[in-house]
>>> print(open('target.txt').read())   # compact mmCIF, C-alpha atoms (C1' of nucleotides)
# COMPACT_ATOMS: atom_id res chain seq x y z
CA MET A 1 -20.09 26.21 -41.93
CA LEU A 2 -20.47 24.71 -38.45
CA LEU A 3 -23.06 21.96 -38.22
CA ASP A 4 -26.40 23.14 -36.91
CA THR A 5 -29.35 20.86 -36.22
CA ASN A 6 -32.03 22.76 -38.10
CA THR A 7 -30.02 23.50 -41.22
CA ALA A 8 -28.91 19.90 -41.32
CA PHE A 9 -32.52 18.72 -41.18
CA GLU A 10 -33.46 21.11 -43.97
CA ARG A 11 -30.61 19.93 -46.13
CA LEU A 12 -31.70 16.34 -45.67
CA ARG A 13 -35.24 17.19 -46.72
CA ALA A 14 -33.95 19.18 -49.67
CA ALA A 15 -31.95 16.16 -50.77
CA GLY A 16 -35.09 14.02 -50.57
CA LEU A 17 -33.92 12.06 -47.55
CA LYS A 18 -36.26 11.05 -44.78
CA LEU A 19 -35.83 12.38 -41.28
CA THR A 20 -35.43 9.10 -39.47
CA VAL A 21 -34.74 8.73 -35.78
CA GLN A 22 -31.27 7.48 -36.63
CA ARG A 23 -30.34 10.40 -38.87
CA ARG A 24 -31.61 12.84 -36.29
CA ALA A 25 -29.53 11.14 -33.62
CA VAL A 26 -26.30 11.18 -35.63
CA ILE A 27 -26.69 14.87 -36.36
CA GLU A 28 -27.56 15.77 -32.79
CA GLU A 29 -24.70 13.71 -31.47
CA LEU A 30 -22.25 15.43 -33.78
CA VAL A 31 -23.38 19.03 -33.29
CA GLY A 32 -20.90 20.87 -31.14
CA ASP A 33 -18.60 17.88 -30.78
CA GLU A 34 -15.00 18.99 -31.17
CA SER A 35 -13.46 15.68 -30.15
CA HIS A 36 -13.24 14.23 -33.67
CA PRO A 37 -14.85 10.91 -32.76
CA THR A 38 -14.32 7.72 -34.72
CA THR A 39 -17.26 5.85 -36.26
CA GLU A 40 -16.96 3.27 -33.51
CA GLU A 41 -17.07 5.93 -30.81
CA LEU A 42 -20.13 7.55 -32.38
CA ALA A 43 -21.84 4.17 -32.71
CA ARG A 44 -21.20 3.51 -29.04
CA ARG A 45 -22.75 6.81 -27.98
CA LEU A 46 -25.61 6.47 -30.43
CA SER A 47 -26.66 3.01 -29.34
CA ALA A 48 -27.14 4.50 -25.89
CA ARG A 49 -29.30 7.22 -27.39
CA VAL A 50 -31.15 5.01 -29.87
CA PRO A 51 -31.22 1.44 -28.56
CA GLY A 52 -30.49 -1.09 -31.25
CA MET A 53 -28.90 1.33 -33.67
CA SER A 54 -26.58 -0.58 -35.92
CA LEU A 55 -23.01 0.17 -36.88
CA SER A 56 -23.77 -0.05 -40.56
CA THR A 57 -26.44 2.62 -40.25
CA VAL A 58 -23.93 4.87 -38.54
CA TYR A 59 -21.60 4.36 -41.49
CA LYS A 60 -24.36 5.04 -44.00
CA VAL A 61 -25.62 8.19 -42.30
CA LEU A 62 -22.13 9.59 -41.79
CA HIS A 63 -21.41 8.99 -45.44
CA GLU A 64 -24.53 10.91 -46.42
CA LEU A 65 -23.62 13.83 -44.18
CA VAL A 66 -20.17 13.98 -45.71
CA GLU A 67 -21.69 13.87 -49.21
CA LEU A 68 -23.92 16.79 -48.30
CA GLY A 69 -20.87 18.68 -47.06
CA LEU A 70 -22.32 19.00 -43.58
CA VAL A 71 -19.54 17.02 -41.94
CA ARG A 72 -15.85 16.43 -42.65
CA GLN A 73 -13.96 13.23 -42.34
CA VAL A 74 -10.41 13.20 -41.09
CA ASP A 75 -8.29 10.24 -41.97
CA ALA A 76 -5.98 9.98 -39.00
CA ALA A 77 -4.15 6.69 -38.56
CA GLY A 78 -6.38 3.75 -39.31
CA ALA A 79 -9.84 4.79 -38.33
CA MET A 80 -11.83 7.56 -39.92
CA ARG A 81 -12.84 10.43 -37.67
CA PHE A 82 -15.62 12.98 -38.04
CA ASP A 83 -15.83 16.69 -37.60
CA PRO A 84 -19.01 18.83 -37.59
CA ASN A 85 -16.95 21.73 -38.90
CA GLY A 86 -17.53 21.67 -42.65
CA ALA A 87 -15.19 24.56 -43.38
CA ASP A 88 -11.59 24.25 -44.56
CA HIS A 89 -9.40 24.23 -41.49
CA VAL A 90 -6.25 22.65 -40.11
CA HIS A 91 -6.17 19.46 -38.09
CA VAL A 92 -3.26 19.39 -35.72
CA VAL A 93 -2.55 15.76 -34.85
CA CYS A 94 -0.33 14.94 -31.89
CA ASP A 95 2.05 12.05 -32.57
CA GLU A 96 2.26 11.34 -28.84
CA CYS A 97 -1.33 11.22 -27.62
CA GLY A 98 -3.11 10.99 -30.98
CA ASP A 99 -5.44 13.86 -30.15
CA ILE A 100 -6.70 16.11 -32.90
CA PHE A 101 -7.08 19.85 -32.48
CA ASP A 102 -8.73 22.28 -34.83
CA ALA A 103 -6.83 25.32 -35.98
CA GLU A 104 -7.89 28.12 -38.25
CA LEU A 105 -6.63 28.03 -41.80
CA PRO A 106 -5.24 31.47 -42.69
CA ALA A 107 -6.66 32.91 -45.90
CA THR A 108 -3.15 33.63 -47.11
CA ALA A 109 -2.34 29.93 -46.92
CA VAL A 110 -5.47 29.04 -48.89
CA THR A 111 -4.67 31.38 -51.75
CA ALA A 112 -1.01 30.34 -51.75
CA ILE A 113 -1.89 26.65 -51.99
CA LYS A 114 -4.59 27.13 -54.60
CA SER A 115 -2.27 29.16 -56.79
CA ALA A 116 0.34 26.39 -56.56
CA ALA A 117 -2.08 23.84 -58.03
CA PRO A 118 -1.75 23.00 -61.74
CA LYS A 119 -3.18 25.63 -64.10
CA GLY A 120 -6.73 24.77 -65.07
CA SER A 121 -7.52 22.68 -62.01
CA ALA A 122 -10.42 23.62 -59.76
CA ILE A 123 -9.73 23.06 -56.07
CA THR A 124 -12.90 22.61 -54.06
CA ARG A 125 -11.61 21.39 -50.73
CA LEU A 126 -8.42 21.44 -48.69
CA ASP A 127 -7.57 18.71 -46.20
CA ILE A 128 -4.68 19.87 -44.09
CA VAL A 129 -3.10 17.78 -41.37
CA ALA A 130 -0.27 19.22 -39.31
CA ARG A 131 1.59 16.54 -37.37
CA GLY A 132 3.81 17.07 -34.41
CA VAL A 133 3.60 17.30 -30.66
CA CYS A 134 0.81 19.14 -28.88
CA PRO A 135 1.51 21.68 -26.12
CA HIS A 136 0.28 19.22 -23.50
CA CYS A 137 2.60 16.38 -24.53
CA ALA A 138 5.57 18.71 -25.03
CA ALA A 139 5.64 19.20 -21.26
CA MET B 1 14.49 15.52 -49.86
CA LEU B 2 13.85 13.48 -53.04
CA LEU B 3 14.60 9.80 -52.67
CA ASP B 4 18.00 8.82 -54.00
CA THR B 5 19.28 5.25 -54.15
CA ASN B 6 22.65 5.76 -52.51
CA THR B 7 21.49 7.95 -49.67
CA ALA B 8 18.67 5.53 -49.00
CA PHE B 9 21.12 2.63 -48.77
CA GLU B 10 23.31 4.63 -46.41
CA ARG B 11 20.36 5.48 -44.21
CA LEU B 12 19.40 1.85 -43.99
CA ARG B 13 22.94 0.88 -42.96
CA ALA B 14 23.03 3.72 -40.45
CA ALA B 15 19.79 2.42 -38.95
CA GLY B 16 21.35 -1.06 -38.63
CA LEU B 17 19.16 -2.57 -41.32
CA LYS B 18 20.53 -5.10 -43.78
CA LEU B 19 20.66 -4.37 -47.49
CA THR B 20 18.50 -7.21 -48.70
CA VAL B 21 17.51 -7.80 -52.29
CA GLN B 22 13.94 -6.87 -51.39
CA ARG B 23 14.80 -3.56 -49.71
CA ARG B 24 17.02 -2.62 -52.62
CA ALA B 25 14.22 -3.41 -55.06
CA VAL B 26 11.60 -1.35 -53.23
CA ILE B 27 13.90 1.66 -53.12
CA GLU B 28 14.92 1.35 -56.76
CA GLU B 29 11.32 0.90 -57.82
CA LEU B 30 10.27 4.00 -55.94
CA VAL B 31 13.09 6.34 -57.01
CA GLY B 32 11.84 8.82 -59.56
CA ASP B 33 8.31 7.45 -59.51
CA GLU B 34 5.83 10.31 -59.48
CA SER B 35 2.74 8.18 -59.99
CA HIS B 36 1.99 7.69 -56.26
CA PRO B 37 1.58 3.91 -56.54
CA THR B 38 -0.45 1.84 -54.09
CA THR B 39 1.14 -0.98 -52.11
CA GLU B 40 -0.60 -3.44 -54.40
CA GLU B 41 0.76 -1.73 -57.51
CA LEU B 42 4.28 -1.71 -56.09
CA ALA B 43 3.99 -5.37 -55.11
CA ARG B 44 2.91 -6.21 -58.64
CA ARG B 45 5.89 -4.45 -60.17
CA LEU B 46 8.26 -5.81 -57.56
CA SER B 47 7.28 -9.43 -57.98
CA ALA B 48 8.33 -9.03 -61.63
CA ARG B 49 11.66 -7.63 -60.51
CA VAL B 50 12.20 -10.03 -57.61
CA PRO B 51 10.31 -13.28 -58.28
CA GLY B 52 8.47 -14.55 -55.26
CA MET B 53 8.53 -11.29 -53.36
CA SER B 54 5.67 -11.28 -50.90
CA LEU B 55 3.08 -8.62 -50.25
CA SER B 56 3.83 -8.59 -46.53
CA THR B 57 7.48 -7.81 -47.20
CA VAL B 58 6.45 -4.90 -49.38
CA TYR B 59 4.34 -3.60 -46.51
CA LYS B 60 7.17 -4.05 -44.02
CA VAL B 61 9.80 -2.36 -46.17
CA LEU B 62 7.54 0.55 -47.06
CA HIS B 63 6.80 1.03 -43.40
CA GLU B 64 10.52 1.18 -42.65
CA LEU B 65 11.15 3.72 -45.38
CA VAL B 66 8.36 5.90 -44.04
CA GLU B 67 9.79 5.60 -40.52
CA LEU B 68 13.17 6.73 -41.83
CA GLY B 69 11.49 9.69 -43.50
CA LEU B 70 12.69 8.63 -46.95
CA VAL B 71 9.21 8.15 -48.32
CA ARG B 72 5.80 9.70 -47.70
CA GLN B 73 2.51 7.95 -47.53
CA VAL B 74 -0.58 9.57 -48.96
CA ASP B 75 -3.88 8.39 -47.67
CA ALA B 76 -6.17 8.89 -50.63
CA ALA B 77 -9.44 6.98 -50.62
CA GLY B 78 -9.07 3.44 -49.39
CA ALA B 79 -5.60 2.32 -50.30
CA MET B 80 -2.39 3.89 -49.08
CA ARG B 81 -0.13 5.39 -51.71
CA PHE B 82 3.58 6.14 -51.64
CA ASP B 83 5.66 9.07 -52.71
CA PRO B 84 9.47 9.20 -52.93
CA ASN B 85 9.31 12.91 -52.26
CA GLY B 86 9.95 13.21 -48.52
CA ALA B 87 9.52 16.97 -48.45
CA ASP B 88 6.36 18.81 -47.44
CA HIS B 89 4.32 19.39 -50.57
CA VAL B 90 0.75 19.48 -51.81
CA HIS B 91 -1.09 16.50 -53.22
CA VAL B 92 -3.73 17.54 -55.69
CA VAL B 93 -6.28 14.75 -55.92
CA CYS B 94 -8.74 14.69 -58.80
CA ASP B 95 -12.25 13.66 -57.75
CA GLU B 96 -13.00 12.51 -61.29
CA CYS B 97 -10.08 10.31 -62.30
CA GLY B 98 -8.50 9.79 -58.87
CA ASP B 99 -5.07 10.81 -60.06
CA ILE B 100 -2.67 12.51 -57.70
CA PHE B 101 -0.42 15.36 -58.75
CA ASP B 102 2.39 16.95 -56.80
CA ALA B 103 2.42 20.68 -56.32
CA GLU B 104 4.91 22.86 -54.54
CA LEU B 105 3.97 24.09 -51.09
CA PRO B 106 4.64 27.83 -50.92
CA ALA B 107 6.77 28.87 -47.97
CA THR B 108 4.23 31.53 -47.08
CA ALA B 109 1.60 28.83 -46.63
CA VAL B 110 3.90 26.81 -44.37
CA THR B 111 4.59 29.70 -42.03
CA ALA B 112 0.93 30.74 -42.03
CA ILE B 113 -0.24 27.25 -41.09
CA LYS B 114 2.45 26.72 -38.47
CA SER B 115 1.63 30.02 -36.81
CA ALA B 116 -2.03 29.05 -36.65
CA ALA B 117 -1.24 25.91 -34.63
CA PRO B 118 -1.78 26.06 -30.85
CA LYS B 119 0.93 27.91 -28.92
CA GLY B 120 3.56 25.53 -27.64
CA SER B 121 2.99 22.82 -30.21
CA ALA B 122 5.81 21.69 -32.48
CA ILE B 123 4.73 20.89 -36.02
CA THR B 124 7.09 18.51 -37.76
CA ARG B 125 5.19 17.56 -40.88
CA LEU B 126 2.41 18.90 -43.06
CA ASP B 127 0.14 16.62 -45.06
CA ILE B 128 -1.84 18.71 -47.49
CA VAL B 129 -4.41 17.31 -49.87
CA ALA B 130 -6.18 19.61 -52.30
CA ARG B 131 -9.26 18.01 -53.81
CA GLY B 132 -11.04 19.08 -56.93
CA VAL B 133 -10.92 18.49 -60.64
CA CYS B 134 -7.67 18.25 -62.58
CA PRO B 135 -7.10 20.24 -65.79
CA HIS B 136 -7.45 17.09 -67.84
CA CYS B 137 -10.88 16.11 -66.46
CA ALA B 138 -12.16 19.70 -66.55
CA ALA B 139 -12.12 19.49 -70.34
C1' DG C 1 -50.07 2.78 -49.67
C1' DT C 2 -45.50 3.69 -51.38
C1' DT C 3 -41.14 4.41 -50.94
C1' DA C 4 -37.04 4.42 -48.87
C1' DC C 5 -34.40 3.21 -44.53
C1' DT C 6 -32.73 0.16 -40.96
C1' DG C 7 -30.57 -3.92 -38.88
C1' DC C 8 -28.48 -8.03 -39.49
C1' DA C 9 -24.93 -10.89 -40.97
C1' DA C 10 -21.91 -11.91 -44.26
C1' DA C 11 -18.52 -10.30 -47.43
C1' DC C 12 -14.74 -7.21 -48.41
C1' DA C 13 -10.25 -4.77 -48.94
C1' DC C 14 -6.28 -3.54 -46.95
C1' DT C 15 -2.94 -4.33 -43.50
C1' DT C 16 -0.60 -6.75 -39.66
C1' DT C 17 1.28 -10.74 -37.24
C1' DG C 18 3.78 -15.24 -35.86
C1' DC C 19 6.86 -18.25 -37.03
C1' DA C 20 10.10 -21.46 -39.44
C1' DG C 21 13.43 -21.51 -42.90
C1' DG C 22 16.96 -18.76 -45.27
C1' DA C 23 19.92 -14.80 -46.52
C1' DG C 24 23.04 -10.97 -44.99
C1' DA C 25 27.10 -9.35 -42.31
C1' DT D 1 28.28 -18.02 -37.01
C1' DC D 2 24.83 -15.17 -35.54
C1' DT D 3 21.45 -12.19 -36.34
C1' DC D 4 18.06 -10.37 -38.81
C1' DC D 5 14.85 -10.81 -42.70
C1' DT D 6 11.59 -13.05 -45.77
C1' DG D 7 7.50 -15.67 -47.22
C1' DC D 8 3.60 -17.95 -46.02
C1' DA D 9 -0.79 -18.27 -44.20
C1' DA D 10 -3.80 -16.84 -40.96
C1' DA D 11 -5.88 -13.33 -38.27
C1' DG D 12 -7.29 -8.47 -37.65
C1' DT D 13 -9.53 -4.03 -38.50
C1' DG D 14 -12.41 -0.87 -40.45
C1' DT D 15 -15.85 -0.54 -43.90
C1' DT D 16 -19.32 -2.02 -47.39
C1' DT D 17 -23.18 -4.72 -49.21
C1' DG D 18 -27.74 -7.41 -49.96
C1' DC D 19 -31.92 -8.16 -48.40
C1' DA D 20 -36.25 -8.74 -45.67
C1' DG D 21 -38.83 -6.30 -42.50
C1' DT D 22 -40.26 -1.70 -40.98
C1' DA D 23 -40.73 3.18 -40.40
C1' DA D 24 -41.39 7.70 -42.82
C1' DC D 25 -44.16 10.41 -45.76
>>> encode(input="target.txt", output="structure tokens")
Amino acid sequence: MLLDTNTAFERLRAAGLKLTVQRRAVIEELVGDESHPTTEELARRLSARVPGMSLSTVYKVLHELVELGLVRQVDAAGAMRFDPNGADHVHVVCDECGDIFDAELPATAVTAIKSAAPKGSAITRLDIVARGVCPHCAA
Amino acid sequence: MLLDTNTAFERLRAAGLKLTVQRRAVIEELVGDESHPTTEELARRLSARVPGMSLSTVYKVLHELVELGLVRQVDAAGAMRFDPNGADHVHVVCDECGDIFDAELPATAVTAIKSAAPKGSAITRLDIVARGVCPHCAA
DNA sequence: GTTACTGCAAACACTTTGCAGGAGA
DNA sequence: TCTCCTGCAAAGTGTTTGCAGTAAC
């Protein structure tokens, strides 16, 4: 479920979307990035990579990638952040430094939560944010 | 952990905050409300209850209640929503109708998630959103 | 040659802020 | 009385939209 350049390109094609320079750049910039960048941060990096790239295009492309399930968005305090890890997992957010860390979501937790949902509902995605203090700030 | 008028008033006093008409109204409006209203929705109801009550006051009071841990905020698509249930629980969000339902968070899930967090971190709150289709929309 | 995408700038929705007058203790 | 709070209006922030020109296929 981790974002990979080639699969992402294929998925775009499959969805009938053109492989523009900008879409390529957003994907390549996001692959392997575990820092959970904001749209602003991505736009900053991308305009270095693709001179003249606009903020609204960054928004549009990110939205498409989320729609395709290739990327996750994390809503952490004000600005939206992005994560190339499309799988269900836990986001540990530090209240001190604001950093976001990924943590694995135990299968037992998934089944427990899904079984707690109302009978007849179909859960397709879990967004889990654990807030507290990270090991670094605790010291 | 469910919001209760008297305890809320006590907590405000304890925090050195005055018991204004507006604060009273926000608390009373929120007690027992399971509909996860937006700030706008609350402001609408409150201006009926307290004529002339301003939107910015609603924002300020809600922020205080969240700070005191009496109320939770749920960040579901655009507008912030509020929940008088201060305990960790699951929010089931329907992608069709947008409604939010509360579900119990199994203790097994809590321990599983907390143990998955980085060693040395202290998790104080879990925000869990389960997205999918509610029983009503599935039919 | 078509079609769909980008960049721009303006609009938008939600939230925050500063301050003077007014209510709470 | 003294302090804190409210309401107003204005500013702020992050995001969306419409459209003409342009790149992808």
>>> closest_residue(input="target.txt", among="B:Arg13, B:Arg23, B:Ser54, B:Arg45", to="chain D", atoms="all atoms listed in the file")
B:Ser54
>>> closest_residue(input="target.txt", among="A:Asp4, A:Glu67, A:Thr57, A:Leu42", to="DT16 in chain D", atoms="all atoms listed in the file")
A:Thr57
>>> residues_near_point(input="target.txt", point="(-17.3, 1.9, -38.4)", cutoff="7 Å", atoms="only C-alpha atoms (C1' of nucleotides)", output="list of chain:residue names")
A:Thr39, A:Glu40, A:Leu55, A:Tyr59, D:DG14, D:DT15
>>> closest_atom_pairs(input="target.txt", of="chain A", to="chain C", cutoff="12 Å", atoms="all atoms listed in the file", output="JSON lines")
{"residue": "A:Gly16", "atom": "CA", "partner": "C:DA4", "partner_atom": "C1'", "distance": 9.9}
{"residue": "A:Leu17", "atom": "CA", "partner": "C:DA4", "partner_atom": "C1'", "distance": 8.4}
{"residue": "A:Lys18", "atom": "CA", "partner": "C:DA4", "partner_atom": "C1'", "distance": 7.8}
{"residue": "A:Leu19", "atom": "CA", "partner": "C:DC5", "partner_atom": "C1'", "distance": 9.8}
{"residue": "A:Thr20", "atom": "CA", "partner": "C:DC5", "partner_atom": "C1'", "distance": 7.8}
{"residue": "A:Val21", "atom": "CA", "partner": "C:DT6", "partner_atom": "C1'", "distance": 10.2}
{"residue": "A:Gln22", "atom": "CA", "partner": "C:DT6", "partner_atom": "C1'", "distance": 8.6}
{"residue": "A:Arg23", "atom": "CA", "partner": "C:DC5", "partner_atom": "C1'", "distance": 10.0}
{"residue": "A:Pro51", "atom": "CA", "partner": "C:DG7", "partner_atom": "C1'", "distance": 11.6}
{"residue": "A:Gly52", "atom": "CA", "partner": "C:DG7", "partner_atom": "C1'", "distance": 8.1}
{"residue": "A:Met53", "atom": "CA", "partner": "C:DG7", "partner_atom": "C1'", "distance": 7.6}
{"residue": "A:Ser54", "atom": "CA", "partner": "C:DG7", "partner_atom": "C1'", "distance": 6.0}
{"residue": "A:Leu55", "atom": "CA", "partner": "C:DG7", "partner_atom": "C1'", "distance": 8.8}
{"residue": "A:Ser56", "atom": "CA", "partner": "C:DG7", "partner_atom": "C1'", "distance": 8.0}
{"residue": "A:Thr57", "atom": "CA", "partner": "C:DT6", "partner_atom": "C1'", "distance": 6.8}
{"residue": "A:Val58", "atom": "CA", "partner": "C:DT6", "partner_atom": "C1'", "distance": 10.3}
{"residue": "A:Tyr59", "atom": "CA", "partner": "C:DT6", "partner_atom": "C1'", "distance": 11.9}
{"residue": "A:Lys60", "atom": "CA", "partner": "C:DT6", "partner_atom": "C1'", "distance": 10.2}
{"residue": "A:Val61", "atom": "CA", "partner": "C:DC5", "partner_atom": "C1'", "distance": 10.3}
{"residue": "A:Gly78", "atom": "CA", "partner": "C:DT15", "partner_atom": "C1'", "distance": 9.7}
>>> interface_residues(input="target.txt", of="chain A", to="chain B", cutoff="8 Å", atoms="all atoms listed in the file", output="number ranges by chain")
A: 75, 90, 92, 103-106, 108-110, 112-113, 116-135, 138
>>> atom_distance(input="target.txt", atom1="CA of Pro37 in chain A", atom2="CA of Met80 in chain A")
8.5 Å
>>> atom_distance(input="target.txt", atom1="CA of Ile100 in chain B", atom2="CA of Ala79 in chain B")
12.9 Å
>>> atom_distance(input="target.txt", atom1="CA of Leu30 in chain B", atom2="CA of Cys97 in chain B")
22.2 Å
